[in-house]
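Student: Handing you a structure now.
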Amino acid sequence: MKADRLVTLLLTILMCIPIFIADSPFVEIESALQGSKGVDTSLHADHNEFEVNNEFSSTGFTIYVLRLTTNGLNVSGEASFMVSSKALGRFEVAVPGTGYAIGYSFSSFTALVLESKYLLVITPRVGEEMAKKVLQLALKAEGEGTLRVGGVYYWSPQLGKKLYYKQSVSGEILANINITLNNLFKGLMVKAPSAPRVFPTKP
Amino acid sequence: MRKKELLLFFLFFCLLTSLLLIPIINAEEETEEKLATTIVEVFTSAFYNVTQRILYSFVEGVLREDSWIQSLEGILHLFELKAVNVNISRYESTKLIFFSGKDMSFRHDYGNSGLSAAVGSAGESIKSLNMRERVTIDVKGRILNYQVSATGKGTMRTGAIWYWGNTIEDIVYYREEVSGTFSVTRIVSMGSEVPPSHPSAP
């Protein structure tokens, strides 16, 4: 009788293995390219636990590096480029249904070098325990154009309790921004971004 | 008592031997693959069109390859190596394309219905192209790996799509286009198994 139960348990475990595997889809996209007449890219990854959007277009000489890695829960990657003419772009990582998002957009009309790295760590819910979420964005930019960076975090179901952050720099810019949103603590910890310096154009 | 012990020992020996033989039998099965090699060489100064459609149906799903290359004028050297392992529902294809001429267009599309995913590349107004493309499709293991390295002149696109959930909204979609004199290295890996993370240098 005990042996039957053991066999049943083992069979149940074996049958469950593919379900666990299926719940962890793996995606890796790595791309490094350069084009003398521009680049046009679009990336959209939508899952129960995250949403990543990245769009970028340029018309002149461009070097572009894009990376996205996810196991279905955690996401990491980068989007970096160097352009010598007109470029437009947008990037966003969000956790659907939570008001937990971070991103940037830019419009550049001359040279721009931008390096951005992102990370989203999610620990799945266990019982009633709150899922652990860490969302980070590190951004470096140098060039001439307009750069907007923002983040939003509703840390309570009440609409009033939120963090809203938006920053826009224009002209000849040099920016170094790091944002971390997480719910590891009861309160909220946001690493203050370093102040972007805006240099006036030379007469 | 002795007989009982001997019988138990014999049974244990049989079990151990069978356990040891299972990987060997499996390995033998896996090596029984159907290997198909295709080498196509085209040298022309007139219009040409190379079209290919490959479809393999397995219990777990269908793997598909659609590809065409066409040009009004130019020299094309196309080399292909394909291997299909019917036992483990796995397909590997390597393509090398060298082209020089006028307005070449191509499209390579690979699909894995077991994974609900597809990946591919396309080119337009290509004046020159040196391209290496490698794809691995595993219908049973639900894997689709794609690597492409290319340099050339014209416009080249790469895209991938995977419906990874039960709904149409759970999707990963990726598209990239590069124009002018270009140099491209792209890797797309999709599936339940973690593939090797770093490719060889382009």
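Residue numbering restarts at 1 for every chain of the structure tokens, chains are lettered A, B, ... in their displayed order, and ligands are numbered from 1 as they appear.
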Counting only C-alpha atoms, which residues from chain B have an atom at most 8 Å from any atom of chain A, and could you show them as a ChimeraX atom specification?

Tutor: /B:164-165,169-194

Student: How would the residues just picked look written out with N, CA and C atoms as an mmCIF file, in the first residue's frame?

Tutor:
data_model
loop_
_atom_site.group_PDB
_atom_site.id
_atom_site.type_symbol
_atom_site.label_atom_id
_atom_site.label_comp_id
_atom_site.auth_asym_id
_atom_site.auth_seq_id
_atom_site.Cartn_x
_atom_site.Cartn_y
_atom_site.Cartn_z
ATOM 1 N N TRP B 164 4.270 32.846 -26.228
ATOM 2 C CA TRP B 164 4.779 31.968 -25.174
ATOM 3 C C TRP B 164 3.734 31.635 -24.112
ATOM 4 N N GLY B 165 2.568 32.215 -24.217
ATOM 5 C CA GLY B 165 1.536 31.923 -23.222
ATOM 6 C C GLY B 165 0.330 31.277 -23.866
ATOM 7 N N GLU B 169 -1.996 37.608 -26.121
ATOM 8 C CA GLU B 169 -1.306 38.794 -25.581
ATOM 9 C C GLU B 169 0.076 38.468 -25.032
ATOM 10 N N ASP B 170 0.303 37.222 -24.641
ATOM 11 C CA ASP B 170 1.623 36.838 -24.130
ATOM 12 C C ASP B 170 2.540 36.581 -25.311
ATOM 13 N N ILE B 171 3.317 37.576 -25.615
ATOM 14 C CA ILE B 171 4.055 37.519 -26.872
ATOM 15 C C ILE B 171 5.420 38.177 -26.712
ATOM 16 N N VAL B 172 6.384 37.669 -27.436
ATOM 17 C CA VAL B 172 7.634 38.404 -27.597
ATOM 18 C C VAL B 172 7.786 38.648 -29.093
ATOM 19 N N TYR B 173 7.991 39.905 -29.438
ATOM 20 C CA TYR B 173 8.051 40.325 -30.833
ATOM 21 C C TYR B 173 9.284 41.182 -31.005
ATOM 22 N N TYR B 174 10.038 40.890 -32.041
ATOM 23 C CA TYR B 174 11.285 41.611 -32.233
ATOM 24 C C TYR B 174 11.512 41.807 -33.725
ATOM 25 N N ARG B 175 11.873 43.017 -34.092
ATOM 26 C CA ARG B 175 12.103 43.321 -35.506
ATOM 27 C C ARG B 175 13.219 44.352 -35.599
ATOM 28 N N GLU B 176 14.096 44.169 -36.551
ATOM 29 C CA GLU B 176 15.235 45.064 -36.674
ATOM 30 C C GLU B 176 15.547 45.254 -38.149
ATOM 31 N N GLU B 177 15.824 46.478 -38.522
ATOM 32 C CA GLU B 177 16.151 46.759 -39.924
ATOM 33 C C GLU B 177 17.385 47.628 -39.973
ATOM 34 N N VAL B 178 18.284 47.333 -40.882
ATOM 35 C CA VAL B 178 19.497 48.132 -41.014
ATOM 36 C C VAL B 178 19.687 48.449 -42.498
ATOM 37 N N SER B 179 20.119 49.684 -42.765
ATOM 38 C CA SER B 179 20.234 50.132 -44.153
ATOM 39 C C SER B 179 21.608 50.706 -44.438
ATOM 40 N N GLY B 180 21.928 50.740 -45.723
ATOM 41 C CA GLY B 180 23.213 51.298 -46.152
ATOM 42 C C GLY B 180 24.276 50.216 -46.212
ATOM 43 N N THR B 181 25.479 50.615 -45.946
ATOM 44 C CA THR B 181 26.552 49.628 -45.819
ATOM 45 C C THR B 181 26.476 49.094 -44.401
ATOM 46 N N PHE B 182 26.155 47.822 -44.267
ATOM 47 C CA PHE B 182 25.822 47.314 -42.933
ATOM 48 C C PHE B 182 26.707 46.159 -42.498
ATOM 49 N N SER B 183 26.706 45.980 -41.194
ATOM 50 C CA SER B 183 27.378 44.839 -40.570
ATOM 51 C C SER B 183 26.471 44.388 -39.432
ATOM 52 N N VAL B 184 26.142 43.118 -39.398
ATOM 53 C CA VAL B 184 25.097 42.648 -38.479
ATOM 54 C C VAL B 184 25.523 41.352 -37.801
ATOM 55 N N THR B 185 25.276 41.257 -36.509
ATOM 56 C CA THR B 185 25.403 39.984 -35.792
ATOM 57 C C THR B 185 24.191 39.857 -34.883
ATOM 58 N N ARG B 186 23.416 38.817 -35.079
ATOM 59 C CA ARG B 186 22.189 38.674 -34.276
ATOM 60 C C ARG B 186 22.035 37.234 -33.798
ATOM 61 N N ILE B 187 21.536 37.126 -32.584
ATOM 62 C CA ILE B 187 21.227 35.810 -32.020
ATOM 63 C C ILE B 187 19.834 35.886 -31.425
ATOM 64 N N VAL B 188 19.013 34.937 -31.777
ATOM 65 C CA VAL B 188 17.686 34.843 -31.157
ATOM 66 C C VAL B 188 17.538 33.413 -30.655
ATOM 67 N N SER B 189 17.337 33.270 -29.368
ATOM 68 C CA SER B 189 17.133 31.946 -28.779
ATOM 69 C C SER B 189 15.801 31.944 -28.050
ATOM 70 N N MET B 190 14.968 30.992 -28.400
ATOM 71 C CA MET B 190 13.665 30.914 -27.751
ATOM 72 C C MET B 190 13.391 29.461 -27.391
ATOM 73 N N GLY B 191 12.871 29.244 -26.223
ATOM 74 C CA GLY B 191 12.523 27.881 -25.847
ATOM 75 C C GLY B 191 12.584 27.665 -24.364
ATOM 76 N N SER B 192 12.331 26.433 -23.998
ATOM 77 C CA SER B 192 12.316 26.095 -22.586
ATOM 78 C C SER B 192 13.693 25.706 -22.078
ATOM 79 N N GLU B 193 14.562 25.352 -23.002
ATOM 80 C CA GLU B 193 15.908 24.945 -22.608
ATOM 81 C C GLU B 193 16.853 26.119 -22.761
ATOM 82 N N VAL B 194 17.767 26.258 -21.853
ATOM 83 C CA VAL B 194 18.716 27.369 -21.918
ATOM 84 C C VAL B 194 19.810 27.019 -22.933
#

Student: Got a sec to tell me which of region 24-200 of chain B DSSP assigns to strand (DSSP E or B), as a PyMOL selection string?

Tutor: chain B and resi 34-44+48-57+62-71+73-85+90-112+117-138+143-163+171-191

Student: Need the shell around Ser170 (chain A): protein/DNA/RNA residues with any atom at most 9 Å away, counting only C-alpha atoms. Skip same-chain ones fewer than 6 positions apart. Format as a count of residues only?

Tutor: 6

Student: At a cut-off of 6 Å, using only C-alpha atoms, what residues contact region 98-101 of chain A? Leave out same-chain residues fewer than 6 positions from it and give the result as a PDB file with C-alpha atoms, in the first residue's frame.

Tutor:
ATOM      1  CA  GLY A 151       9.526  56.329 -13.437  1.00  0.00           C
ATOM      2  CA  VAL A 152       6.256  55.654 -11.661  1.00  0.00           C
ATOM      3  CA  TYR A 153       5.516  53.475  -8.653  1.00  0.00           C
ATOM      4  CA  TYR A 154       2.106  53.122  -7.028  1.00  0.00           C
TER       5      TYR A 154
END

Student: Interatomic distance between CA of Gly160 (chain A) and CA of Ala94 (chain A)?

Tutor: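 Atom-to-atom, CA of Gly160 (chain A) to CA of Ala94 (chain A), that is 19.3 Å.
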
Student: Calculate how many Å separate CA of Gln147 (chain B) from CA of Arg134 (chain B), rounding to one decimal.

Tutor: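 Separation of CA of Gln147 (chain B) and CA of Arg134 (chain B): 5.2 Å.
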
Student: Taking only C-alpha atoms into account, which of A:Ile102, A:Phe81, A:Leu112, A:Val134 comes nearest Leu163 (chain A)?

Tutor: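 With only C-alpha atoms as the atom set, the closest residue is A:Ile102.
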
Student: For Arg64 (chain B), which residue out of B:Arg142, B:His108, B:Lys127, B:Arg132 is the nearest one, using only C-alpha atoms?

Tutor: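 So, comparing all the options, the nearest one is B:His108.
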
Student: Could you tell me how far CA of Thr94 (chain B) lies from CA of Val148 (chain B), in Å and to one decimal?

Tutor: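 CA of Val148 (chain B) lies at a distance of 9.8 Å from CA of Thr94 (chain B).
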